[in-house]
>>> print(open('target_28.cif').read())   # mmCIF, C-alpha atoms
data_model
#
loop_
_atom_site.group_PDB
_atom_site.id
_atom_site.type_symbol
_atom_site.label_atom_id
_atom_site.label_comp_id
_atom_site.auth_asym_id
_atom_site.auth_seq_id
_atom_site.Cartn_x
_atom_site.Cartn_y
_atom_site.Cartn_z
ATOM 1 C CA GLY A 1 -61.897 58.609 -2.607
ATOM 2 C CA ASP A 2 -63.694 59.700 0.553
ATOM 3 C CA SER A 3 -64.532 56.497 2.449
ATOM 4 C CA ASP A 4 -67.288 58.183 4.488
ATOM 5 C CA TYR A 5 -68.955 59.373 1.290
ATOM 6 C CA VAL A 6 -68.648 55.918 -0.263
ATOM 7 C CA SER A 7 -70.265 54.353 2.816
ATOM 8 C CA LYS A 8 -73.211 56.793 2.702
ATOM 9 C CA ALA A 9 -73.598 56.379 -1.053
ATOM 10 C CA LEU A 10 -73.625 52.586 -0.854
ATOM 11 C CA THR A 11 -76.157 52.645 1.977
ATOM 12 C CA PHE A 12 -78.352 54.900 -0.167
ATOM 13 C CA ALA A 13 -78.236 52.318 -2.960
ATOM 14 C CA TYR A 14 -78.124 48.992 -1.137
ATOM 15 C CA GLY A 15 -80.244 49.962 1.893
ATOM 16 C CA ALA A 16 -79.833 50.612 5.603
ATOM 17 C CA ASP A 17 -79.195 46.910 6.222
ATOM 18 C CA ALA A 18 -76.626 46.648 3.418
ATOM 19 C CA PRO A 19 -73.745 44.200 4.077
ATOM 20 C CA LEU A 20 -71.129 46.955 3.751
ATOM 21 C CA ASP A 21 -68.448 44.716 5.246
ATOM 22 C CA ARG A 22 -68.514 42.638 2.072
ATOM 23 C CA ILE A 23 -69.089 45.356 -0.518
ATOM 24 C CA ALA A 24 -65.949 46.676 -2.193
ATOM 25 C CA GLY A 25 -66.742 50.286 -3.093
ATOM 26 C CA VAL A 26 -64.750 53.145 -4.572
ATOM 27 C CA GLN A 27 -65.478 56.750 -5.506
ATOM 28 C CA THR A 28 -65.656 57.374 -9.247
ATOM 29 C CA LEU A 29 -66.050 60.125 -11.803
ATOM 30 C CA SER A 30 -69.838 59.876 -11.821
ATOM 31 C CA GLY A 31 -71.633 57.005 -13.563
ATOM 32 C CA THR A 32 -69.492 57.137 -16.694
ATOM 33 C CA GLY A 33 -66.359 56.687 -14.616
ATOM 34 C CA ALA A 34 -68.017 53.914 -12.636
ATOM 35 C CA CYS A 35 -68.895 52.009 -15.811
ATOM 36 C CA ARG A 36 -65.352 52.505 -17.104
ATOM 37 C CA VAL A 37 -63.757 51.222 -13.891
ATOM 38 C CA GLY A 38 -66.116 48.246 -13.893
ATOM 39 C CA GLY A 39 -65.357 47.499 -17.527
ATOM 40 C CA ALA A 40 -61.611 47.638 -16.923
ATOM 41 C CA PHE A 41 -61.930 45.373 -13.883
ATOM 42 C CA LEU A 42 -63.961 42.811 -15.831
ATOM 43 C CA ALA A 43 -61.607 42.898 -18.813
ATOM 44 C CA LYS A 44 -58.714 42.200 -16.474
ATOM 45 C CA PHE A 45 -60.207 39.231 -14.638
ATOM 46 C CA LEU A 46 -62.872 37.591 -16.798
ATOM 47 C CA LYS A 47 -62.130 34.564 -18.931
ATOM 48 C CA PRO A 48 -61.095 35.869 -22.383
ATOM 49 C CA GLY A 49 -64.073 36.095 -24.712
ATOM 50 C CA THR A 50 -66.663 36.519 -21.975
ATOM 51 C CA LYS A 51 -69.348 38.843 -23.291
ATOM 52 C CA ILE A 52 -71.251 41.652 -21.645
ATOM 53 C CA TYR A 53 -74.879 41.791 -22.787
ATOM 54 C CA ILE A 54 -76.344 45.271 -23.175
ATOM 55 C CA PRO A 55 -80.054 46.146 -23.505
ATOM 56 C CA GLN A 56 -81.326 47.427 -26.831
ATOM 57 C CA PRO A 57 -81.760 50.319 -26.730
ATOM 58 C CA THR A 58 -79.531 51.749 -24.004
ATOM 59 C CA TRP A 59 -77.568 54.840 -23.074
ATOM 60 C CA GLY A 60 -75.277 55.268 -26.079
ATOM 61 C CA ASN A 61 -72.094 55.486 -24.036
ATOM 62 C CA HIS A 62 -72.451 51.950 -22.664
ATOM 63 C CA TRP A 63 -71.266 50.453 -25.938
ATOM 64 C CA ALA A 64 -68.289 52.803 -26.264
ATOM 65 C CA ILE A 65 -67.233 52.362 -22.632
ATOM 66 C CA MET A 66 -67.224 48.577 -22.794
ATOM 67 C CA ARG A 67 -65.525 48.588 -26.185
ATOM 68 C CA GLU A 68 -62.749 50.838 -24.880
ATOM 69 C CA ALA A 69 -62.397 48.577 -21.828
ATOM 70 C CA GLY A 70 -61.804 45.648 -24.170
ATOM 71 C CA LEU A 71 -64.999 43.700 -23.484
ATOM 72 C CA PRO A 72 -66.866 42.001 -26.330
ATOM 73 C CA ALA A 73 -70.461 43.240 -26.188
ATOM 74 C CA GLU A 74 -73.727 41.945 -27.573
ATOM 75 C CA GLY A 75 -77.264 43.301 -27.352
ATOM 76 C CA TYR A 76 -80.314 41.685 -25.845
ATOM 77 C CA ARG A 77 -83.948 42.528 -26.545
ATOM 78 C CA TYR A 78 -85.419 45.021 -24.100
ATOM 79 C CA TYR A 79 -87.880 47.467 -25.623
ATOM 80 C CA SER A 80 -90.407 46.808 -28.356
ATOM 81 C CA ARG A 81 -91.001 49.711 -30.703
ATOM 82 C CA GLN A 82 -93.958 47.780 -32.074
ATOM 83 C CA PHE A 83 -96.060 48.187 -28.926
ATOM 84 C CA ASN A 84 -93.967 50.798 -27.078
ATOM 85 C CA GLY A 85 -93.264 48.689 -24.025
ATOM 86 C CA LEU A 86 -90.913 46.209 -22.424
ATOM 87 C CA ASP A 87 -90.203 43.183 -24.596
ATOM 88 C CA PHE A 88 -90.126 41.015 -21.504
ATOM 89 C CA GLN A 89 -90.438 37.665 -23.239
ATOM 90 C CA GLY A 90 -87.710 38.566 -25.715
ATOM 91 C CA MET A 91 -85.498 39.740 -22.873
ATOM 92 C CA LEU A 92 -85.914 36.487 -20.945
ATOM 93 C CA GLU A 93 -85.234 34.427 -24.060
ATOM 94 C CA ASP A 94 -82.007 36.318 -24.809
ATOM 95 C CA LEU A 95 -80.719 36.155 -21.226
ATOM 96 C CA ASN A 96 -81.456 32.450 -21.169
ATOM 97 C CA ALA A 97 -79.705 31.932 -24.513
ATOM 98 C CA ALA A 98 -76.568 33.822 -23.404
ATOM 99 C CA GLN A 99 -73.543 31.714 -22.528
ATOM 100 C CA GLY A 100 -73.557 30.845 -18.836
ATOM 101 C CA GLY A 101 -71.349 33.131 -16.791
ATOM 102 C CA SER A 102 -71.868 36.141 -19.051
ATOM 103 C CA VAL A 103 -72.152 39.702 -17.747
ATOM 104 C CA ILE A 104 -75.630 41.250 -17.971
ATOM 105 C CA LEU A 105 -75.913 45.040 -17.923
ATOM 106 C CA LEU A 106 -79.177 46.175 -16.335
ATOM 107 C CA HIS A 107 -80.560 49.661 -15.673
ATOM 108 C CA ALA A 108 -81.531 49.686 -11.988
ATOM 109 C CA CYS A 109 -84.470 52.044 -12.635
ATOM 110 C CA ALA A 110 -85.676 54.724 -15.073
ATOM 111 C CA HIS A 111 -84.223 52.935 -18.089
ATOM 112 C CA ASN A 112 -82.371 55.320 -20.377
ATOM 113 C CA PRO A 113 -83.611 56.223 -22.977
ATOM 114 C CA THR A 114 -87.063 54.597 -22.746
ATOM 115 C CA GLY A 115 -88.040 55.133 -19.099
ATOM 116 C CA CYS A 116 -89.577 51.659 -19.237
ATOM 117 C CA ASP A 117 -88.748 49.391 -16.292
ATOM 118 C CA PRO A 118 -89.720 45.823 -15.405
ATOM 119 C CA THR A 119 -92.274 45.383 -12.619
ATOM 120 C CA GLU A 120 -91.125 43.958 -9.300
ATOM 121 C CA GLU A 121 -92.519 40.560 -10.289
ATOM 122 C CA GLN A 122 -90.660 40.720 -13.603
ATOM 123 C CA TRP A 123 -87.430 41.634 -11.798
ATOM 124 C CA LYS A 124 -87.838 38.471 -9.745
ATOM 125 C CA GLN A 125 -88.140 36.397 -12.921
ATOM 126 C CA ILE A 126 -85.055 38.079 -14.381
ATOM 127 C CA ALA A 127 -83.129 37.303 -11.190
ATOM 128 C CA ALA A 128 -84.209 33.658 -11.392
ATOM 129 C CA ILE A 129 -82.783 33.303 -14.911
ATOM 130 C CA VAL A 130 -79.573 35.077 -13.904
ATOM 131 C CA LYS A 131 -79.151 32.646 -11.010
ATOM 132 C CA GLN A 132 -79.935 29.631 -13.193
ATOM 133 C CA LYS A 133 -77.414 30.672 -15.857
ATOM 134 C CA GLY A 134 -74.707 31.797 -13.432
ATOM 135 C CA HIS A 135 -74.545 35.276 -14.949
ATOM 136 C CA LEU A 136 -72.840 38.277 -13.353
ATOM 137 C CA VAL A 137 -75.046 41.376 -13.106
ATOM 138 C CA PHE A 138 -73.748 44.884 -13.757
ATOM 139 C CA PHE A 139 -76.334 47.414 -12.581
ATOM 140 C CA ASP A 140 -76.183 51.008 -13.773
ATOM 141 C CA SER A 141 -78.088 53.278 -11.387
ATOM 142 C CA ALA A 142 -78.222 56.854 -12.616
ATOM 143 C CA TYR A 143 -81.738 57.939 -11.596
ATOM 144 C CA GLN A 144 -82.514 56.469 -8.176
ATOM 145 C CA GLY A 145 -85.422 58.502 -6.809
ATOM 146 C CA PHE A 146 -86.495 59.914 -10.162
ATOM 147 C CA ALA A 147 -88.297 56.848 -11.507
ATOM 148 C CA SER A 148 -91.030 56.701 -8.856
ATOM 149 C CA GLY A 149 -90.230 59.646 -6.597
ATOM 150 C CA ASP A 150 -89.138 57.176 -3.905
ATOM 151 C CA ALA A 151 -85.432 56.302 -3.773
ATOM 152 C CA GLU A 152 -86.168 53.233 -1.662
ATOM 153 C CA LYS A 153 -88.674 51.844 -4.149
ATOM 154 C CA ASP A 154 -86.340 52.569 -7.050
ATOM 155 C CA ALA A 155 -83.671 50.412 -5.412
ATOM 156 C CA PHE A 156 -85.874 47.297 -5.451
ATOM 157 C CA ALA A 157 -84.120 45.488 -8.309
ATOM 158 C CA LEU A 158 -80.609 45.963 -6.940
ATOM 159 C CA ARG A 159 -81.590 44.969 -3.415
ATOM 160 C CA HIS A 160 -83.560 41.943 -4.578
ATOM 161 C CA PHE A 161 -80.622 40.589 -6.564
ATOM 162 C CA VAL A 162 -78.333 41.044 -3.554
ATOM 163 C CA SER A 163 -80.847 39.349 -1.248
ATOM 164 C CA GLU A 164 -80.874 36.388 -3.654
ATOM 165 C CA GLY A 165 -77.123 36.002 -3.204
ATOM 166 C CA LEU A 166 -76.361 36.871 -6.824
ATOM 167 C CA PRO A 167 -72.994 38.342 -7.873
ATOM 168 C CA VAL A 168 -73.675 42.042 -8.366
ATOM 169 C CA MET A 169 -71.705 45.055 -9.556
ATOM 170 C CA LEU A 170 -73.055 48.610 -9.360
ATOM 171 C CA ALA A 171 -72.249 51.829 -11.193
ATOM 172 C CA GLN A 172 -73.873 54.661 -9.220
ATOM 173 C CA SER A 173 -74.254 58.306 -10.190
ATOM 174 C CA PHE A 174 -75.457 61.402 -8.325
ATOM 175 C CA ALA A 175 -75.381 63.613 -11.416
ATOM 176 C CA LYS A 176 -79.129 63.746 -11.914
ATOM 177 C CA ASN A 177 -80.797 62.864 -8.615
ATOM 178 C CA PHE A 178 -78.568 65.249 -6.630
ATOM 179 C CA GLY A 179 -78.113 67.829 -9.404
ATOM 180 C CA LEU A 180 -74.333 67.339 -9.447
ATOM 181 C CA TYR A 181 -73.699 66.678 -13.118
ATOM 182 C CA GLY A 182 -70.657 68.929 -13.344
ATOM 183 C CA GLU A 183 -69.095 67.587 -10.146
ATOM 184 C CA ARG A 184 -68.498 64.020 -11.440
ATOM 185 C CA CYS A 185 -69.801 62.274 -8.354
ATOM 186 C CA GLY A 186 -70.408 58.518 -8.275
ATOM 187 C CA THR A 187 -69.300 55.119 -6.978
ATOM 188 C CA PHE A 188 -68.485 51.684 -8.301
ATOM 189 C CA SER A 189 -69.013 48.650 -6.105
ATOM 190 C CA ILE A 190 -68.922 44.866 -6.124
ATOM 191 C CA VAL A 191 -70.787 42.650 -3.671
ATOM 192 C CA CYS A 192 -68.303 40.034 -2.498
ATOM 193 C CA ALA A 193 -68.604 36.666 -0.776
ATOM 194 C CA ASP A 194 -66.877 37.717 2.459
ATOM 195 C CA GLY A 195 -64.577 40.273 4.047
ATOM 196 C CA ASP A 196 -61.397 38.624 2.785
ATOM 197 C CA GLN A 197 -62.566 38.723 -0.823
ATOM 198 C CA THR A 198 -63.670 42.333 -0.318
ATOM 199 C CA GLN A 199 -60.142 43.377 0.639
ATOM 200 C CA LYS A 200 -58.663 41.600 -2.368
ATOM 201 C CA VAL A 201 -61.167 43.197 -4.749
ATOM 202 C CA MET A 202 -60.534 46.639 -3.221
ATOM 203 C CA SER A 203 -56.818 46.185 -3.831
ATOM 204 C CA GLN A 204 -57.415 45.400 -7.492
ATOM 205 C CA LEU A 205 -59.860 48.284 -7.943
ATOM 206 C CA ARG A 206 -57.226 50.681 -6.612
ATOM 207 C CA LEU A 207 -54.773 49.291 -9.166
ATOM 208 C CA VAL A 208 -57.309 49.969 -11.929
ATOM 209 C CA ILE A 209 -58.039 53.503 -10.720
ATOM 210 C CA ARG A 210 -54.519 54.690 -9.934
ATOM 211 C CA PRO A 211 -53.291 55.027 -13.558
ATOM 212 C CA MET A 212 -56.750 56.034 -14.803
ATOM 213 C CA TYR A 213 -57.599 59.144 -12.726
ATOM 214 C CA SER A 214 -55.847 58.535 -9.397
ATOM 215 C CA ASN A 215 -58.147 60.654 -7.211
ATOM 216 C CA PRO A 216 -61.714 61.917 -7.764
ATOM 217 C CA PRO A 217 -62.942 65.475 -7.077
ATOM 218 C CA LYS A 218 -64.313 66.032 -3.585
ATOM 219 C CA HIS A 219 -66.787 68.933 -3.778
ATOM 220 C CA GLY A 220 -69.782 66.961 -5.073
ATOM 221 C CA SER A 221 -69.107 63.965 -2.859
ATOM 222 C CA SER A 222 -68.906 66.272 0.159
ATOM 223 C CA ILE A 223 -72.389 67.591 -0.655
ATOM 224 C CA VAL A 224 -73.827 64.077 -0.901
ATOM 225 C CA LYS A 225 -72.069 63.019 2.300
ATOM 226 C CA THR A 226 -73.337 66.084 4.162
ATOM 227 C CA VAL A 227 -76.944 65.529 3.062
ATOM 228 C CA LEU A 228 -76.988 61.786 3.760
ATOM 229 C CA SER A 229 -75.263 62.219 7.127
ATOM 230 C CA ASP A 230 -77.968 64.503 8.513
ATOM 231 C CA GLU A 231 -81.469 63.143 9.170
ATOM 232 C CA THR A 232 -83.144 66.512 8.605
ATOM 233 C CA LEU A 233 -81.316 67.135 5.327
ATOM 234 C CA THR A 234 -81.951 63.558 4.189
ATOM 235 C CA ALA A 235 -85.688 63.926 4.813
ATOM 236 C CA GLN A 236 -85.663 67.247 2.947
ATOM 237 C CA TYR A 237 -83.807 65.648 0.050
ATOM 238 C CA TYR A 238 -86.314 62.782 -0.230
ATOM 239 C CA LYS A 239 -89.193 65.277 -0.201
ATOM 240 C CA GLU A 240 -87.654 67.530 -2.853
ATOM 241 C CA CYS A 241 -86.637 64.598 -5.045
ATOM 242 C CA LYS A 242 -90.227 63.353 -4.978
ATOM 243 C CA SER A 243 -91.503 66.808 -5.939
ATOM 244 C CA MET A 244 -89.208 66.771 -8.975
ATOM 245 C CA ALA A 245 -90.343 63.275 -9.992
ATOM 246 C CA ASP A 246 -93.982 64.299 -9.561
ATOM 247 C CA ARG A 247 -93.408 67.385 -11.702
ATOM 248 C CA ILE A 248 -91.902 65.251 -14.477
ATOM 249 C CA LEU A 249 -94.946 62.962 -14.391
ATOM 250 C CA GLU A 250 -97.287 65.963 -14.430
ATOM 251 C CA MET A 251 -95.504 67.397 -17.474
ATOM 252 C CA ARG A 252 -95.816 64.072 -19.295
ATOM 253 C CA THR A 253 -99.510 63.876 -18.496
ATOM 254 C CA LYS A 254 -100.078 67.416 -19.753
ATOM 255 C CA LEU A 255 -98.126 66.651 -22.930
ATOM 256 C CA VAL A 256 -100.350 63.641 -23.705
ATOM 257 C CA GLU A 257 -103.503 65.649 -22.935
ATOM 258 C CA THR A 258 -102.380 68.477 -25.223
ATOM 259 C CA LEU A 259 -101.564 66.080 -28.059
ATOM 260 C CA LYS A 260 -105.088 64.675 -27.817
ATOM 261 C CA GLU A 261 -106.552 68.193 -27.761
ATOM 262 C CA VAL A 262 -104.807 69.122 -31.010
ATOM 263 C CA GLY A 263 -106.178 66.024 -32.722
ATOM 264 C CA SER A 264 -103.510 63.337 -32.388
ATOM 265 C CA SER A 265 -105.017 59.852 -32.620
ATOM 266 C CA HIS A 266 -101.766 58.086 -31.746
ATOM 267 C CA ASP A 267 -101.590 55.989 -28.566
ATOM 268 C CA TRP A 268 -99.328 58.017 -26.223
ATOM 269 C CA SER A 269 -100.005 55.949 -23.103
ATOM 270 C CA HIS A 270 -96.356 54.834 -22.931
ATOM 271 C CA VAL A 271 -95.353 58.447 -22.193
ATOM 272 C CA THR A 272 -97.225 58.480 -18.894
#
>>> encode(input="target_28.cif", output="structure tokens")
Amino acid sequence: GDSDYVSKALTFAYGADAPLDRIAGVQTLSGTGACRVGGAFLAKFLKPGTKIYIPQPTWGNHWAIMREAGLPAEGYRYYSRQFNGLDFQGMLEDLNAAQGGSVILLHACAHNPTGCDPTEEQWKQIAAIVKQKGHLVFFDSAYQGFASGDAEKDAFALRHFVSEGLPVMLAQSFAKNFGLYGERCGTFSIVCADGDQTQKVMSQLRLVIRPMYSNPPKHGSSIVKTVLSDETLTAQYYKECKSMADRILEMRTKLVETLKEVGSSHDWSHVT
């Protein structure tokens, strides 16, 4: 892939002070491709039988991707349909009960399909359990900027886990937040211990990618690189992304108001 694009994309996700010298990152075919590369990498190097734990519910393709990669998968409690909110206690119990050294799939923000995310304080508690159990975290970030309207705020979970020194993997997509769905534009990255490990991981990622798709398309990545390389365009992007997120919130609010106007007595507060 385009190394300049990868550098800009990883900075967007991990932050301006990201330790890029110890992050092994590659360009992928959007988020789906990133998850597939990550799954193949894990299947190749994890101890046989190591499970990946996936939130219930989740984006439907997560299960198929990990199954095709050869990883045994199990669900953990995430969303309660009973009270239409995060089942935080259930989530903590399941992560704590998982075999130490398991892989935990987490949505970085704007959980798909519920849109329900942990608070910053809850993320800190999740990180504490992950550290205690020695789990490996696999973040899927497909909506950075759309959850709150602020791409920096939406990156809190990922950046907190990295700051805690936890082993982190990231599948990143620009399909939605940059409007590049048809361009298959993403990255996959692993935060390593040092530069030497980074080079070794990069070598293995290339071996995974070469027989899978060899080289990614460049049009979408060139757009992202151009925008994130120019301060004026970056500022414009942040402003326009926020306007889209605000519009989504406004539409949700109007939907709930209209439902009440037509006589619905159901509690729709989870929508807004």
>>> atom_distance(input="target_28.cif", atom1="CA of Trp63 in chain A", atom2="CA of Asn177 in chain A")
23.3 Å
>>> closest_atom_pairs(input="target_28.cif", of="range 159-264 of chain A", to="range 128-150 of chain A", cutoff="12 Å", atoms="only C-alpha atoms", output="CSV")
residue,atom,partner,partner_atom,distance
A:Arg159,CA,A:Phe139,CA,10.8
A:His160,CA,A:Ala128,CA,10.7
A:Phe161,CA,A:Val137,CA,8.6
A:Val162,CA,A:Val137,CA,10.1
A:Ser163,CA,A:Lys131,CA,12.0
A:Glu164,CA,A:Lys131,CA,8.4
A:Gly165,CA,A:Lys131,CA,8.7
A:Leu166,CA,A:Lys131,CA,6.6
A:Pro167,CA,A:Leu136,CA,5.5
A:Val168,CA,A:Val137,CA,5.0
A:Met169,CA,A:Phe138,CA,4.7
A:Leu170,CA,A:Phe139,CA,4.7
A:Ala171,CA,A:Asp140,CA,4.8
A:Gln172,CA,A:Ser141,CA,4.9
A:Ser173,CA,A:Ala142,CA,4.9
A:Phe174,CA,A:Ala142,CA,6.8
A:Ala175,CA,A:Ala142,CA,7.4
A:Lys176,CA,A:Tyr143,CA,6.4
A:Asn177,CA,A:Tyr143,CA,5.8
A:Phe178,CA,A:Tyr143,CA,9.4
A:Gly179,CA,A:Tyr143,CA,10.8
A:Leu180,CA,A:Ala142,CA,11.6
A:Tyr181,CA,A:Ala142,CA,10.8
A:Cys185,CA,A:Ala142,CA,10.9
A:Gly186,CA,A:Ala142,CA,9.1
A:Thr187,CA,A:Ser141,CA,10.0
A:Phe188,CA,A:Asp140,CA,9.5
A:Ser189,CA,A:Phe138,CA,9.8
A:Ile190,CA,A:Phe138,CA,9.0
A:Val191,CA,A:Val137,CA,10.4
A:Cys192,CA,A:Leu136,CA,11.9
A:Ala235,CA,A:Asp150,CA,11.6
A:Tyr237,CA,A:Gly145,CA,10.0
A:Tyr238,CA,A:Asp150,CA,7.3
A:Lys239,CA,A:Gly149,CA,8.6
A:Glu240,CA,A:Gly149,CA,9.1
A:Cys241,CA,A:Gly149,CA,6.3
A:Lys242,CA,A:Gly149,CA,4.0
A:Ser243,CA,A:Gly149,CA,7.3
A:Met244,CA,A:Phe146,CA,7.5
A:Ala245,CA,A:Gly149,CA,5.0
A:Asp246,CA,A:Gly149,CA,6.7
A:Arg247,CA,A:Gly149,CA,9.8
A:Ile248,CA,A:Phe146,CA,8.7
A:Leu249,CA,A:Ser148,CA,9.2
>>> write_last_selection(input="target_28.cif", atoms="C-alpha atoms", output="tab-separated table (two decimals), in the frame of the given file")
chain	number	residue	atom	x	y	z
A	159	ARG	CA	-81.59	44.97	-3.42
A	160	HIS	CA	-83.56	41.94	-4.58
A	161	PHE	CA	-80.62	40.59	-6.56
A	162	VAL	CA	-78.33	41.04	-3.55
A	163	SER	CA	-80.85	39.35	-1.25
A	164	GLU	CA	-80.87	36.39	-3.65
A	165	GLY	CA	-77.12	36.00	-3.20
A	166	LEU	CA	-76.36	36.87	-6.82
A	167	PRO	CA	-72.99	38.34	-7.87
A	168	VAL	CA	-73.68	42.04	-8.37
A	169	MET	CA	-71.70	45.06	-9.56
A	170	LEU	CA	-73.06	48.61	-9.36
A	171	ALA	CA	-72.25	51.83	-11.19
A	172	GLN	CA	-73.87	54.66	-9.22
A	173	SER	CA	-74.25	58.31	-10.19
A	174	PHE	CA	-75.46	61.40	-8.32
A	175	ALA	CA	-75.38	63.61	-11.42
A	176	LYS	CA	-79.13	63.75	-11.91
A	177	ASN	CA	-80.80	62.86	-8.62
A	178	PHE	CA	-78.57	65.25	-6.63
A	179	GLY	CA	-78.11	67.83	-9.40
A	180	LEU	CA	-74.33	67.34	-9.45
A	181	TYR	CA	-73.70	66.68	-13.12
A	185	CYS	CA	-69.80	62.27	-8.35
A	186	GLY	CA	-70.41	58.52	-8.28
A	187	THR	CA	-69.30	55.12	-6.98
A	188	PHE	CA	-68.48	51.68	-8.30
A	189	SER	CA	-69.01	48.65	-6.10
A	190	ILE	CA	-68.92	44.87	-6.12
A	191	VAL	CA	-70.79	42.65	-3.67
A	192	CYS	CA	-68.30	40.03	-2.50
A	235	ALA	CA	-85.69	63.93	4.81
A	237	TYR	CA	-83.81	65.65	0.05
A	238	TYR	CA	-86.31	62.78	-0.23
A	239	LYS	CA	-89.19	65.28	-0.20
A	240	GLU	CA	-87.65	67.53	-2.85
A	241	CYS	CA	-86.64	64.60	-5.04
A	242	LYS	CA	-90.23	63.35	-4.98
A	243	SER	CA	-91.50	66.81	-5.94
A	244	MET	CA	-89.21	66.77	-8.98
A	245	ALA	CA	-90.34	63.28	-9.99
A	246	ASP	CA	-93.98	64.30	-9.56
A	247	ARG	CA	-93.41	67.39	-11.70
A	248	ILE	CA	-91.90	65.25	-14.48
A	249	LEU	CA	-94.95	62.96	-14.39
>>> closest_residue(input="target_28.cif", among="A:Asp154, A:Glu257, A:Glu250, A:Asp117", to="Leu86 in chain A", atoms="all atoms listed in the file")
A:Asp117
>>> closest_residue(input="target_28.cif", among="A:Lys218, A:Arg77, A:His107, A:Lys44", to="His62 in chain A", atoms="all atoms listed in the file")
A:His107
>>> atom_distance(input="target_28.cif", atom1="CA of Phe88 in chain A", atom2="CA of Ile52 in chain A")
18.9 Å
>>> atom_distance(input="target_28.cif", atom1="CA of Gln236 in chain A", atom2="CA of Ala9 in chain A")
16.7 Å
>>> residues_around(input="target_28.cif", residues="Tyr213 in chain A", least_positions_apart="5", cutoff="10 Å", atoms="all atoms listed in the file", output="compact mmCIF listing (two decimals) with C-alpha atoms, in the coordinates of the input")
# COMPACT_ATOMS: atom_id res chain seq x y z
CA THR A 28 -65.66 57.37 -9.25
CA LEU A 29 -66.05 60.12 -11.80
CA GLY A 33 -66.36 56.69 -14.62
CA VAL A 208 -57.31 49.97 -11.93
>>> residues_near_point(input="target_28.cif", point="(-66.0, 39.0, -18.8)", cutoff="10 Å", atoms="all atoms listed in the file", output="ChimeraX atom specification")
/A:39-52,70-73,101-104,136
>>> write_last_selection(input="target_28.cif", atoms="C-alpha atoms", output="PDB file, keeping the file's coordinate frame")
ATOM      1  CA  GLY A  39     -65.357  47.499 -17.527  1.00  0.00           C
ATOM      2  CA  ALA A  40     -61.611  47.638 -16.923  1.00  0.00           C
ATOM      3  CA  PHE A  41     -61.930  45.373 -13.883  1.00  0.00           C
ATOM      4  CA  LEU A  42     -63.961  42.811 -15.831  1.00  0.00           C
ATOM      5  CA  ALA A  43     -61.607  42.898 -18.813  1.00  0.00           C
ATOM      6  CA  LYS A  44     -58.714  42.200 -16.474  1.00  0.00           C
ATOM      7  CA  PHE A  45     -60.207  39.231 -14.638  1.00  0.00           C
ATOM      8  CA  LEU A  46     -62.872  37.591 -16.798  1.00  0.00           C
ATOM      9  CA  LYS A  47     -62.130  34.564 -18.931  1.00  0.00           C
ATOM     10  CA  PRO A  48     -61.095  35.869 -22.383  1.00  0.00           C
ATOM     11  CA  GLY A  49     -64.073  36.095 -24.712  1.00  0.00           C
ATOM     12  CA  THR A  50     -66.663  36.519 -21.975  1.00  0.00           C
ATOM     13  CA  LYS A  51     -69.348  38.843 -23.291  1.00  0.00           C
ATOM     14  CA  ILE A  52     -71.251  41.652 -21.645  1.00  0.00           C
ATOM     15  CA  GLY A  70     -61.804  45.648 -24.170  1.00  0.00           C
ATOM     16  CA  LEU A  71     -64.999  43.700 -23.484  1.00  0.00           C
ATOM     17  CA  PRO A  72     -66.866  42.001 -26.330  1.00  0.00           C
ATOM     18  CA  ALA A  73     -70.461  43.240 -26.188  1.00  0.00           C
ATOM     19  CA  GLY A 101     -71.349  33.131 -16.791  1.00  0.00           C
ATOM     20  CA  SER A 102     -71.868  36.141 -19.051  1.00  0.00           C
ATOM     21  CA  VAL A 103     -72.152  39.702 -17.747  1.00  0.00           C
ATOM     22  CA  ILE A 104     -75.630  41.250 -17.971  1.00  0.00           C
ATOM     23  CA  LEU A 136     -72.840  38.277 -13.353  1.00  0.00           C
TER      24      LEU A 136
END
>>> closest_atom_pairs(input="target_28.cif", of="range 114-159 of chain A", to="range 80-85 of chain A", cutoff="10 Å", atoms="only C-alpha atoms", output="CSV")
residue,atom,partner,partner_atom,distance
A:Thr114,CA,A:Gly85,CA,8.7
A:Gly115,CA,A:Gly85,CA,9.6
A:Cys116,CA,A:Gly85,CA,6.7
A:Asp117,CA,A:Gly85,CA,9.0
A:Pro118,CA,A:Gly85,CA,9.8
>>> resolve_selection(input="target_28.cif", expression="the PyMOL selection byres ((chain A and resi 201) around 10)", output="PyMOL selection string")
chain A and resi 23-25+41+189-192+195-200+202-207
>>> write_last_selection(input="target_28.cif", atoms="C-alpha atoms", output="PDB file, keeping the file's coordinate frame")
ATOM      1  CA  ILE A  23     -69.089  45.356  -0.518  1.00  0.00           C
ATOM      2  CA  ALA A  24     -65.949  46.676  -2.193  1.00  0.00           C
ATOM      3  CA  GLY A  25     -66.742  50.286  -3.093  1.00  0.00           C
ATOM      4  CA  PHE A  41     -61.930  45.373 -13.883  1.00  0.00           C
ATOM      5  CA  SER A 189     -69.013  48.650  -6.105  1.00  0.00           C
ATOM      6  CA  ILE A 190     -68.922  44.866  -6.124  1.00  0.00           C
ATOM      7  CA  VAL A 191     -70.787  42.650  -3.671  1.00  0.00           C
ATOM      8  CA  CYS A 192     -68.303  40.034  -2.498  1.00  0.00           C
ATOM      9  CA  GLY A 195     -64.577  40.273   4.047  1.00  0.00           C
ATOM     10  CA  ASP A 196     -61.397  38.624   2.785  1.00  0.00           C
ATOM     11  CA  GLN A 197     -62.566  38.723  -0.823  1.00  0.00           C
ATOM     12  CA  THR A 198     -63.670  42.333  -0.318  1.00  0.00           C
ATOM     13  CA  GLN A 199     -60.142  43.377   0.639  1.00  0.00           C
ATOM     14  CA  LYS A 200     -58.663  41.600  -2.368  1.00  0.00           C
ATOM     15  CA  MET A 202     -60.534  46.639  -3.221  1.00  0.00           C
ATOM     16  CA  SER A 203     -56.818  46.185  -3.831  1.00  0.00           C
ATOM     17  CA  GLN A 204     -57.415  45.400  -7.492  1.00  0.00           C
ATOM     18  CA  LEU A 205     -59.860  48.284  -7.943  1.00  0.00           C
ATOM     19  CA  ARG A 206     -57.226  50.681  -6.612  1.00  0.00           C
ATOM     20  CA  LEU A 207     -54.773  49.291  -9.166  1.00  0.00           C
TER      21      LEU A 207
END
